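Working notes, beginning with the structure itself.
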Amino acid sequence: MIGRPRGFDADAALDRALEVFWRQGYEGASLSDLTEAMGINKTSMYAAFGNKRELFGKALARYAEVDMAYARQALAAPTARGVAETFLRENAKAVTTPDRPPGCLSIQGGLSCGPDNAEVTATLALARKGGELAMRDRFRRAIEDGDLGPENDPDDLARYIMAVSEGLAVHASAGATREELTRAVEIALRAFPPSA
């Protein structure tokens, strides 16, 4: 038996759900808010995406794939300095993209969830930590390749870049402009060690 085809674009619906989570946070996003934004009813949402928590997981994966693509590009830069520059400059652009909510889903999505939704906060923290570990590994390789001096700690460098990035997202959500954040990035990059 062949099921009835969906009467909606699942990717477009997921993008709209992502935006609701981004603007309102996990706890602030009601099922009614989500289904209204997605243009579907609750039955269709459950059939296509699962419950609210499962929908959030799919939205977070979509965010990582689309909105965080710049992070993968940065990690591919030929030098550690290039990684840091690309990541932070593109982050300043990403958190101030005109057709997206300001800031970052992984910061706004669940930073202040109550105890019933602690796993959402943990999931987002784990996602951010994954980015930090990928950057640490890239900086470790830069030290092994002689691009960065051995006196540099790859964990500290990655934590520094992520702390700046997360700060940019917080400031963007509070109304900082792309130009203001770009100036902050240039100051932050002065502290990053030069190539060896």
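Chain labels follow the order of the structure tokens: the first chain is A, the next B, and so on; residue numbering restarts at 1 in every chain, and ligands are counted from 1 in their shown order.
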
Could you pull out the residues in stretch 25-152 of chain A that DSSP calls alpha helix (DSSP H) from the backbone, as number ranges by chain? A: 25-28, 31-38, 42-49, 52-66, 69-75, 80-94, 105-108, 118-144

Determine, counting only C-alpha atoms, which protein, DNA and RNA residues have an atom within 10 Å of an atom of stretch 20-30 of chain A; residues of the same chain fewer than 5 positions away are not included. Present the result as a PyMOL selection string. chain A and resi 14-15+35-38+52-53+55-56+59-60+63+100-114+116-117+120-121+173

For stretch 88-112 of chain A versus stretch 179-182 of chain A, which residues have an atom no more than 9 Å away, and what is each residue's nearest atom pair and distance in Å rounded to one decimal, using only C-alpha atoms, chain-then-number order, as JSON lines?
{"residue": "A:Leu88", "atom": "CA", "partner": "A:Thr182", "partner_atom": "CA", "distance": 8.5}
{"residue": "A:Arg89", "atom": "CA", "partner": "A:Thr182", "partner_atom": "CA", "distance": 6.6}
{"residue": "A:Ala92", "atom": "CA", "partner": "A:Leu181", "partner_atom": "CA", "distance": 5.8}
{"residue": "A:Lys93", "atom": "CA", "partner": "A:Thr182", "partner_atom": "CA", "distance": 8.1}
{"residue": "A:Thr96", "atom": "CA", "partner": "A:Leu181", "partner_atom": "CA", "distance": 8.9}

Could you please take those selected residues and save all heavy atoms as an mmCIF file, in the first residue's frame?
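What landed in part.cif:
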data_model
loop_
_atom_site.group_PDB
_atom_site.id
_atom_site.type_symbol
_atom_site.label_atom_id
_atom_site.label_comp_id
_atom_site.auth_asym_id
_atom_site.auth_seq_id
_atom_site.Cartn_x
_atom_site.Cartn_y
_atom_site.Cartn_z
ATOM 1 N N LEU A 88 35.338 33.523 12.627
ATOM 2 C CA LEU A 88 34.785 34.677 13.335
ATOM 3 C C LEU A 88 34.162 35.695 12.394
ATOM 4 O O LEU A 88 33.090 36.247 12.686
ATOM 5 C CB LEU A 88 35.847 35.334 14.221
ATOM 6 C CG LEU A 88 36.267 34.507 15.434
ATOM 7 C CD1 LEU A 88 37.375 35.224 16.213
ATOM 8 C CD2 LEU A 88 35.083 34.194 16.341
ATOM 9 N N ARG A 89 34.787 35.937 11.261
ATOM 10 C CA ARG A 89 34.200 36.910 10.309
ATOM 11 C C ARG A 89 32.878 36.393 9.749
ATOM 12 O O ARG A 89 31.910 37.154 9.623
ATOM 13 C CB ARG A 89 35.194 37.207 9.199
ATOM 14 C CG ARG A 89 36.354 38.072 9.678
ATOM 15 C CD ARG A 89 37.372 38.324 8.610
ATOM 16 N NE ARG A 89 38.441 39.178 9.131
ATOM 17 C CZ ARG A 89 39.684 39.150 8.693
ATOM 18 N NH1 ARG A 89 40.028 38.346 7.700
ATOM 19 N NH2 ARG A 89 40.594 39.954 9.222
ATOM 20 N N ALA A 92 30.136 36.580 12.427
ATOM 21 C CA ALA A 92 29.562 37.927 12.561
ATOM 22 C C ALA A 92 28.508 38.167 11.487
ATOM 23 O O ALA A 92 27.481 38.812 11.745
ATOM 24 C CB ALA A 92 30.663 38.984 12.500
ATOM 25 N N LYS A 93 28.737 37.645 10.296
ATOM 26 C CA LYS A 93 27.742 37.768 9.228
ATOM 27 C C LYS A 93 26.524 36.892 9.515
ATOM 28 O O LYS A 93 25.384 37.316 9.352
ATOM 29 C CB LYS A 93 28.344 37.355 7.881
ATOM 30 C CG LYS A 93 29.402 38.290 7.352
ATOM 31 C CD LYS A 93 29.990 37.739 6.064
ATOM 32 C CE LYS A 93 31.200 38.525 5.621
ATOM 33 N NZ LYS A 93 31.864 37.880 4.469
ATOM 34 N N THR A 96 23.937 38.040 12.014
ATOM 35 C CA THR A 96 23.266 39.288 11.624
ATOM 36 C C THR A 96 22.660 39.191 10.223
ATOM 37 O O THR A 96 22.457 40.202 9.562
ATOM 38 C CB THR A 96 24.244 40.481 11.678
ATOM 39 O OG1 THR A 96 25.370 40.202 10.830
ATOM 40 C CG2 THR A 96 24.728 40.755 13.100
#

Would you work out the distance separating atom CA of A:Ala127 from atom CA of A:Glu19, expressed in Å to one decimal? 17.9 Å

Of the listed residues A:Ala158, A:Val185, A:Ala13, A:Ala134, that which approaches A:Asn41 most closely, counting only C-alpha atoms: A:Ala13

Could I get the residues of stretch 74-115 of chain A with an atom no further than 12 Å from an atom of stretch 144-157 of chain A, each paired with its nearest atom pair and that distance in Å to one decimal, using only C-alpha atoms, sorted by chain and residue number, as a tab-separated table?
residue	atom	partner	partner_atom	distance
A:Ala77	CA	A:Asp147	CA	11.9
A:Pro78	CA	A:Asp147	CA	9.3
A:Thr79	CA	A:Asp147	CA	6.6
A:Ala80	CA	A:Asp147	CA	6.9
A:Arg81	CA	A:Leu148	CA	8.7
A:Gly82	CA	A:Asp147	CA	10.8
A:Val83	CA	A:Leu157	CA	11.2
A:Ala84	CA	A:Leu157	CA	9.2

If we count only C-alpha atoms, what is near A:Glu90 at a cut-off of 9 Å, once residues fewer than 3 positions away on the same chain are taken out, given as number ranges by chain? A: 70-71, 74, 85-87, 93-95

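Picture a line from atom CA of A:Tyr160 to atom CA of A:Ala61; it runs 24.4 Å.
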
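For the pair atom CA of A:Ile161 and atom CA of A:Arg62, the interatomic distance is 23.0 Å.
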
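With only C-alpha atoms as the atoms that count, the residue of A:Ser44, A:Gly57, A:Lys129, A:Arg159 with the shortest distance to A:Asp9 is A:Ser44.
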